[in-house]
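Structure first, then comments.
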Amino acid sequence: MSQLIDGKALAAKLRGQIREQAQEYRQRYGEEIGLAVVLVGNDPASEVYVRNKIKACEEVGIRSYSYRLPAETRQEQLEELIDTLVEDRRVHGILVQLPLPKHLDERAALSRIPAAKDVDGFCAENVGNLAMGRETLVACTPHGVMKMLEEYGVDPKGKRAVVLGRSNIVGKPMAMLLLNADATVTVCHSKTQGLQEICAQADILVVAIGRAKFVTADMVKEGAVVIDVGMDRDENGKLCGDVDFASVQGKASLITPVPGGVGPMTITMLLYNTVVAARRSK
Ligand code: NAP
């Protein structure tokens with residue numbers, strides 16, 4: 001039987017530390033740490049994410065500034081708002097909730113956020129720093145995965161790590177973090193041949209593809225550490241991951257559940273990055 005990696009418990013522990021850091025910051029500098037959250041339009045999933053982020057900020061004593069723009073917002077209006085937030089000294093981190101409505105140029109909008117306030121860790125400068133192994137603001141989900149490995153005593157050094165998925169927000173930064181931690185890393189994607197064999201060699205298998213229960217026991221090495229980033233719906237509409245938990249849990253040594261695994265860590269690392277950005281601004 002595998003041991004569960006409890007993302008909820010770790011997130012709660014880290015949020016406790018972040019709360020103390022935010023308080024220390026207030027006492028030291030006489031000001032609050034601030035995160036601006038921009039939501040354009042009314043995508044229901046985005047509304048939930050934004051609400052959760054604002055709530056999480058309140059819980060740890062980070063001041064949130066929420067900006068809700070109508071779906072028909074023009075590019076110049078969005079960029080004008082971002083430019084104002086860049087200049088605003090109360091704001092240490094800027095988050096633009098994605099996806100933006102189709103008529104807006106996501107890349108152009110995000111490129112207005114300077115690396116120092118890019119708490120999502122998406123901008124070219126922060127990604128470049130990560131690729132070069134420098135201290136930087138790191139994308140929240142893969143950063144959260146590294147914290148989980150650390151908490152459970154999994155040292156990637158010398159291990160074979162396989163990352164399934166190569167998105168800019170999860171797969172690629174995940175692979176770079178594991179490489180920086182001295183793992184031997186293979187990145188797989190939809191064109192990869194021999195996926196089953198490659199996955200079955202992994203000591204650490206991180207799955208982020210958005211396909212419900214895709215990874216089955218035959219793709220997992222006995223005793224592997226399995227991290228499931230996926231947030232999918234099964235045939236009954238129930239939340240599940242990219243890993244077929246029922247079949248894999250007997251084989252892995254450590255495994256993340258969905259829900260309660262990687263999910264709670266993502267917002268936690270956003271709070272963490274906001275504290276880092278605020279401290280660096282001093
Ligand atoms: P994405 O941008 O859609 O990327 C999916 C990646 O998976 C792509 O690289 C794609 O390959 C690859 N892929 C898709 N089908 C595949 C297959 N059959 N075999 C091998 N590779 C395949 O997704 P994402 O944004 O990285 O998100 C992935 C999952 O993580 C989703 O379920 C998402 O909801 C979840 N997620 C969770 C959190 C969290 O906080 N828990 C955060 C972010 C994302 P190509 O590049 O070749 O197309």
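Going by the structure tokens order, chains are called A, B, ..., each with residues numbered from 1, while ligands are numbered from 1 in the order shown.
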For A:Gly61, find every residue with an atom within 10 Å (counting only C-alpha atoms), except residues of its own chain fewer than 3 positions away, and show them as a PDB file with C-alpha atoms, in the first residue's frame.
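Dumped everything to out33.pdb:
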```pdb
ATOM      1  CA  ILE A  18       3.491  32.524   5.547  1.00  0.00           C
ATOM      2  CA  ARG A  19       1.103  34.171   8.032  1.00  0.00           C
ATOM      3  CA  GLU A  20       4.021  34.707  10.427  1.00  0.00           C
ATOM      4  CA  GLN A  21       6.212  36.071   7.638  1.00  0.00           C
ATOM      5  CA  ALA A  22       3.478  38.515   6.561  1.00  0.00           C
ATOM      6  CA  GLN A  23       3.152  39.696  10.158  1.00  0.00           C
ATOM      7  CA  ARG A  26       4.149  44.438   8.587  1.00  0.00           C
ATOM      8  CA  GLU A  32       1.068  45.283   4.267  1.00  0.00           C
ATOM      9  CA  ILE A  33       2.094  42.819   1.597  1.00  0.00           C
ATOM     10  CA  GLY A  34      -0.232  43.313  -1.374  1.00  0.00           C
ATOM     11  CA  ALA A  56      -6.326  32.531   0.983  1.00  0.00           C
ATOM     12  CA  CYS A  57      -4.728  36.001   1.066  1.00  0.00           C
ATOM     13  CA  GLU A  58      -7.096  37.108   3.839  1.00  0.00           C
ATOM     14  CA  SER A  64      -5.612  41.566  -1.845  1.00  0.00           C
ATOM     15  CA  LEU A 271       1.115  33.322  -1.309  1.00  0.00           C
TER      16      LEU A 271
END
```
Close residues, A:Ala108 itself excluded, 9 Å, only C-alpha atoms, min 4 positions apart in chain, as a ChimeraX atom specification
/A:75,79,104,112
Taking only C-alpha atoms and all ligand atoms into account, produce a table as JSON lines in which each residue of chain A with an atom at most 7 Å from an atom of ligand 1 appears once, together with its shortest atom pair and the distance in Å to one decimal, ordered by chain and rising number.
```
{"residue": "A:Thr141", "atom": "CA", "partner": "ligand 1", "partner_atom_place_in_ligand_line": "40 (O)", "distance": 5.5}
{"residue": "A:Leu164", "atom": "CA", "partner": "ligand 1", "partner_atom_place_in_ligand_line": "21 (N)", "distance": 5.9}
{"residue": "A:Gly165", "atom": "CA", "partner": "ligand 1", "partner_atom_place_in_ligand_line": "7 (O)", "distance": 3.7}
{"residue": "A:Arg166", "atom": "CA", "partner": "ligand 1", "partner_atom_place_in_ligand_line": "9 (O)", "distance": 3.7}
{"residue": "A:Ser167", "atom": "CA", "partner": "ligand 1", "partner_atom_place_in_ligand_line": "26 (O)", "distance": 4.5}
{"residue": "A:Ile169", "atom": "CA", "partner": "ligand 1", "partner_atom_place_in_ligand_line": "26 (O)", "distance": 6.0}
{"residue": "A:Val170", "atom": "CA", "partner": "ligand 1", "partner_atom_place_in_ligand_line": "26 (O)", "distance": 4.8}
{"residue": "A:Gly171", "atom": "CA", "partner": "ligand 1", "partner_atom_place_in_ligand_line": "26 (O)", "distance": 5.9}
{"residue": "A:Cys188", "atom": "CA", "partner": "ligand 1", "partner_atom_place_in_ligand_line": "21 (N)", "distance": 6.1}
{"residue": "A:His189", "atom": "CA", "partner": "ligand 1", "partner_atom_place_in_ligand_line": "21 (N)", "distance": 3.5}
{"residue": "A:Ser190", "atom": "CA", "partner": "ligand 1", "partner_atom_place_in_ligand_line": "21 (N)", "distance": 3.6}
{"residue": "A:Lys191", "atom": "CA", "partner": "ligand 1", "partner_atom_place_in_ligand_line": "47 (O)", "distance": 5.5}
{"residue": "A:Thr192", "atom": "CA", "partner": "ligand 1", "partner_atom_place_in_ligand_line": "20 (C)", "distance": 6.6}
{"residue": "A:Ala208", "atom": "CA", "partner": "ligand 1", "partner_atom_place_in_ligand_line": "28 (C)", "distance": 4.0}
{"residue": "A:Ile209", "atom": "CA", "partner": "ligand 1", "partner_atom_place_in_ligand_line": "7 (O)", "distance": 3.4}
{"residue": "A:Gly210", "atom": "CA", "partner": "ligand 1", "partner_atom_place_in_ligand_line": "32 (O)", "distance": 3.2}
{"residue": "A:Arg211", "atom": "CA", "partner": "ligand 1", "partner_atom_place_in_ligand_line": "15 (N)", "distance": 6.4}
{"residue": "A:Val229", "atom": "CA", "partner": "ligand 1", "partner_atom_place_in_ligand_line": "30 (O)", "distance": 4.8}
{"residue": "A:Gly230", "atom": "CA", "partner": "ligand 1", "partner_atom_place_in_ligand_line": "32 (O)", "distance": 3.5}
{"residue": "A:Met231", "atom": "CA", "partner": "ligand 1", "partner_atom_place_in_ligand_line": "32 (O)", "distance": 4.0}
{"residue": "A:Asp232", "atom": "CA", "partner": "ligand 1", "partner_atom_place_in_ligand_line": "32 (O)", "distance": 5.3}
{"residue": "A:Gly241", "atom": "CA", "partner": "ligand 1", "partner_atom_place_in_ligand_line": "32 (O)", "distance": 6.9}
{"residue": "A:Asp242", "atom": "CA", "partner": "ligand 1", "partner_atom_place_in_ligand_line": "32 (O)", "distance": 6.7}
{"residue": "A:Val262", "atom": "CA", "partner": "ligand 1", "partner_atom_place_in_ligand_line": "41 (N)", "distance": 4.9}
{"residue": "A:Gly263", "atom": "CA", "partner": "ligand 1", "partner_atom_place_in_ligand_line": "41 (N)", "distance": 3.6}
{"residue": "A:Pro264", "atom": "CA", "partner": "ligand 1", "partner_atom_place_in_ligand_line": "40 (O)", "distance": 6.9}
{"residue": "A:Met265", "atom": "CA", "partner": "ligand 1", "partner_atom_place_in_ligand_line": "40 (O)", "distance": 7.0}
{"residue": "A:Thr266", "atom": "CA", "partner": "ligand 1", "partner_atom_place_in_ligand_line": "40 (O)", "distance": 4.8}
```
If you count only C-alpha atoms, which residues fall within 12 Å of A:Asp228, apart from same-chain ones fewer than 5 positions away, as a VMD selection string?
chain A and resid 4 to 5 7 141 to 142 144 to 145 148 163 to 165 170 to 171 204 to 216 240 to 245 248 to 249 252 254 to 263
Keeping only C-alpha atoms, write the selected residues to a file as a compact mmCIF listing (two decimals), in the first residue's frame.
```txt
# COMPACT_ATOMS: atom_id res chain seq x y z
CA LEU A 4 -0.43 9.28 0.78
CA ILE A 5 1.19 12.66 0.29
CA GLY A 7 -1.14 18.24 0.23
CA THR A 141 2.15 24.26 -9.20
CA PRO A 142 5.57 22.71 -9.91
CA GLY A 144 4.41 23.13 -4.79
CA VAL A 145 5.36 19.67 -6.05
CA MET A 148 5.90 18.05 -1.30
CA VAL A 163 7.40 14.41 -16.36
CA LEU A 164 4.32 13.63 -18.38
CA GLY A 165 3.13 16.88 -20.03
CA VAL A 170 3.41 22.86 -15.26
CA GLY A 171 5.42 20.36 -17.31
CA ILE A 204 9.59 9.96 -9.62
CA LEU A 205 6.66 10.26 -12.01
CA VAL A 206 4.90 13.63 -12.30
CA VAL A 207 1.76 13.58 -14.42
CA ALA A 208 0.18 16.77 -15.82
CA ILE A 209 -1.75 16.04 -19.00
CA GLY A 210 -5.43 16.61 -18.24
CA ARG A 211 -6.61 13.07 -19.12
CA ALA A 212 -8.71 11.36 -16.45
CA LYS A 213 -7.08 8.21 -14.97
CA PHE A 214 -4.63 7.96 -17.89
CA VAL A 215 -1.69 6.50 -15.93
CA THR A 216 -2.35 2.91 -14.97
CA CYS A 240 -10.21 12.83 -10.29
CA GLY A 241 -6.62 13.06 -11.46
CA ASP A 242 -4.57 11.93 -14.45
CA VAL A 243 -3.55 8.82 -12.50
CA ASP A 244 -5.78 5.80 -12.02
CA PHE A 245 -5.41 6.02 -8.26
CA VAL A 248 -1.52 2.67 -8.90
CA GLN A 249 -1.79 3.09 -5.14
CA ALA A 252 3.75 3.43 -5.70
CA LEU A 254 4.18 7.60 -2.20
CA ILE A 255 1.26 9.03 -4.12
CA THR A 256 -0.78 12.25 -4.14
CA PRO A 257 -4.56 11.94 -3.98
CA VAL A 258 -6.95 14.07 -6.05
CA PRO A 259 -8.45 16.08 -4.45
CA GLY A 260 -6.19 16.91 -1.49
CA GLY A 261 -2.82 16.50 -3.20
CA VAL A 262 -1.21 19.05 -5.50
CA GLY A 263 -4.28 21.32 -5.67
```
Per-residue DSSP, stretch 12-164 of chain A, filtered to helix (DSSP H, G or I), as a count of residues only
76
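Inside stretch 183-281 of chain A, the residues DSSP reads as strand (DSSP E) when given the backbone are Thr184, Val185, Thr186, Val187, Cys188, Ile204, Leu205, Val206, Val207, Val225, Val226, Ile227, Asp228, Asp232, Arg233, Leu239, Cys240, Leu254 and Ile255 of chain A.
What separates atom CA of A:Ala124 from atom CA of A:Met269 is a distance of 19.1 Å.
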Residues within 8 Å of A:Val119, please, as a compact mmCIF listing (two decimals) with N, CA, C and O atoms, in the first residue's frame. Count only C-alpha atoms; anything in the same chain fewer than 4 positions from it doesn't count.
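In the end it all went to selection_24.txt:
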```txt
# COMPACT_ATOMS: atom_id res chain seq x y z
N GLY A 93 2.69 41.85 -5.89
CA GLY A 93 2.50 40.79 -6.87
C GLY A 93 1.27 41.07 -7.72
O GLY A 93 0.27 41.61 -7.21
N ILE A 94 1.35 40.74 -9.01
CA ILE A 94 0.20 40.94 -9.91
C ILE A 94 -0.16 39.61 -10.53
O ILE A 94 0.70 38.93 -11.10
N LEU A 95 -1.43 39.27 -10.42
CA LEU A 95 -1.88 38.01 -11.01
C LEU A 95 -3.04 38.30 -11.96
O LEU A 95 -4.02 38.92 -11.57
N LEU A 137 11.23 33.72 -9.03
CA LEU A 137 9.85 33.39 -8.71
C LEU A 137 9.44 32.24 -9.63
O LEU A 137 9.48 32.37 -10.85
N VAL A 138 9.08 31.11 -9.03
CA VAL A 138 8.85 29.88 -9.79
C VAL A 138 7.35 29.60 -9.91
O VAL A 138 6.59 29.84 -8.96
N ALA A 139 6.93 29.09 -11.05
CA ALA A 139 5.51 28.74 -11.28
C ALA A 139 4.98 27.92 -10.10
O ALA A 139 5.64 26.99 -9.61
N LEU A 270 1.49 30.54 -4.40
CA LEU A 270 1.22 31.91 -4.85
C LEU A 270 1.43 32.88 -3.67
O LEU A 270 2.05 33.94 -3.82
N ASN A 273 5.16 33.10 -3.03
CA ASN A 273 5.83 33.97 -4.01
C ASN A 273 5.55 35.44 -3.72
O ASN A 273 6.40 36.30 -3.95
N THR A 274 4.34 35.74 -3.25
CA THR A 274 3.99 37.14 -2.97
C THR A 274 4.84 37.67 -1.82
O THR A 274 5.32 38.81 -1.86
N ALA A 277 8.30 38.25 -3.23
CA ALA A 277 8.33 39.47 -4.05
C ALA A 277 8.35 40.72 -3.18
O ALA A 277 9.08 41.67 -3.45
```
